[in-house]
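Take a look at the structure set out below.
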Amino acid sequence: MLKGENEVVEEMSYLLILNMDDKIQLEERREISLERHNLYRVYLLNDDYTTMDFVVYVLMTIFDKSKIEATSIMLHVHRHGKGLAGIYTKEIAETKVYDVERLARINGFPLKCIIERDDR
Ligand code: TYC
């Protein structure tokens with residue numbers, strides 16, 4: 001298996017062929033066609049100063065959540081310290097973190113988020 005940004009996964013597959021003379025032939029195939037993209041989890045972190053309304057606004061505008069979903073994620077972060085905002089490719093996850101923290105600073109809040117590799 002080759003490791004990198006886009007992991008290439010080697011797969012074996014087997015094809016059963018019924019020949020004209022009724023003989024069954026087994027064909028082995030090695031495939032290196034499956035590309036698995038590395039994904040990253042973006043978490044929001046709790047703090048004592050960012051308002052609940054602002055966190056809901058961030059989740060709706062930057063993470064495309066509905067008001068109900070955003071409120072539920074915000075309350076989870078408030079109670080447990082950390083909550084999943086979304087799962088993205090590396091570049092998009094990094095952009096989300098940048099956008100959240102820039103919007104927070106502009107509005108005078110210390111809201112932070114972190115990225116964790118999603119290795120399921
Ligand atoms: N704990 C904040 C408050 O009581 C609300 C909050 C929720 C802040 C989620 C950050 O990621 C956060 N105002």
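Letters A, B, ... mark the chains of the structure tokens in the order given; residue numbers begin at 1 per chain; ligand numbers begin at 1, in order shown.
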Within 8 Å of ligand 1, counting only C-alpha atoms and all ligand atoms, which protein or nucleic acid residues do you find, written as a VMD selection string?
chain A and resid 44 to 52 55 73 to 79 81 to 83 111 to 113
Now that the selection is made, can you save its residues with C-alpha atoms as a PDB file, in the first residue's frame?
ATOM      1  CA  LEU A  44     -15.146  23.441  17.973  1.00  0.00           C
ATOM      2  CA  LEU A  45     -13.780  24.017  21.477  1.00  0.00           C
ATOM      3  CA  ASN A  46     -15.656  25.521  24.404  1.00  0.00           C
ATOM      4  CA  ASP A  47     -14.639  28.757  26.136  1.00  0.00           C
ATOM      5  CA  ASP A  48     -16.273  31.075  28.657  1.00  0.00           C
ATOM      6  CA  TYR A  49     -16.555  34.197  26.490  1.00  0.00           C
ATOM      7  CA  THR A  50     -17.934  33.342  23.038  1.00  0.00           C
ATOM      8  CA  THR A  51     -21.712  33.757  23.034  1.00  0.00           C
ATOM      9  CA  MET A  52     -23.973  30.812  22.265  1.00  0.00           C
ATOM     10  CA  VAL A  55     -21.386  29.708  17.863  1.00  0.00           C
ATOM     11  CA  ILE A  73     -23.750  20.927  18.405  1.00  0.00           C
ATOM     12  CA  MET A  74     -23.193  24.221  20.285  1.00  0.00           C
ATOM     13  CA  LEU A  75     -24.841  22.818  23.445  1.00  0.00           C
ATOM     14  CA  HIS A  76     -22.738  19.647  23.140  1.00  0.00           C
ATOM     15  CA  VAL A  77     -19.560  21.759  23.000  1.00  0.00           C
ATOM     16  CA  HIS A  78     -20.774  23.904  25.919  1.00  0.00           C
ATOM     17  CA  ARG A  79     -21.391  20.799  28.076  1.00  0.00           C
ATOM     18  CA  GLY A  81     -15.803  20.913  25.925  1.00  0.00           C
ATOM     19  CA  LYS A  82     -15.503  19.835  22.304  1.00  0.00           C
ATOM     20  CA  GLY A  83     -17.856  18.995  19.447  1.00  0.00           C
ATOM     21  CA  LEU A 111     -13.537  30.784  19.813  1.00  0.00           C
ATOM     22  CA  LYS A 112     -11.086  28.082  18.723  1.00  0.00           C
ATOM     23  CA  CYS A 113     -11.279  24.962  16.619  1.00  0.00           C
TER      24      CYS A 113
END
Residues at most 9 Å from A:Met60, counting only C-alpha atoms, excluding those fewer than 6 positions away in the same chain, as a PyMOL selection string?
chain A and resi 66-67+69-70
Find the spatial neighbours of A:Val42, counting only C-alpha atoms, within a cut-off of 10 Å - ignore same-chain residues fewer than 6 positions away - and output them as a PyMOL selection string.
chain A and resi 63+83-88+90+92-94+96-97+113-118
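From atom CA of A:Leu39 back to atom CA of A:Arg105, the distance works out to 26.6 Å.
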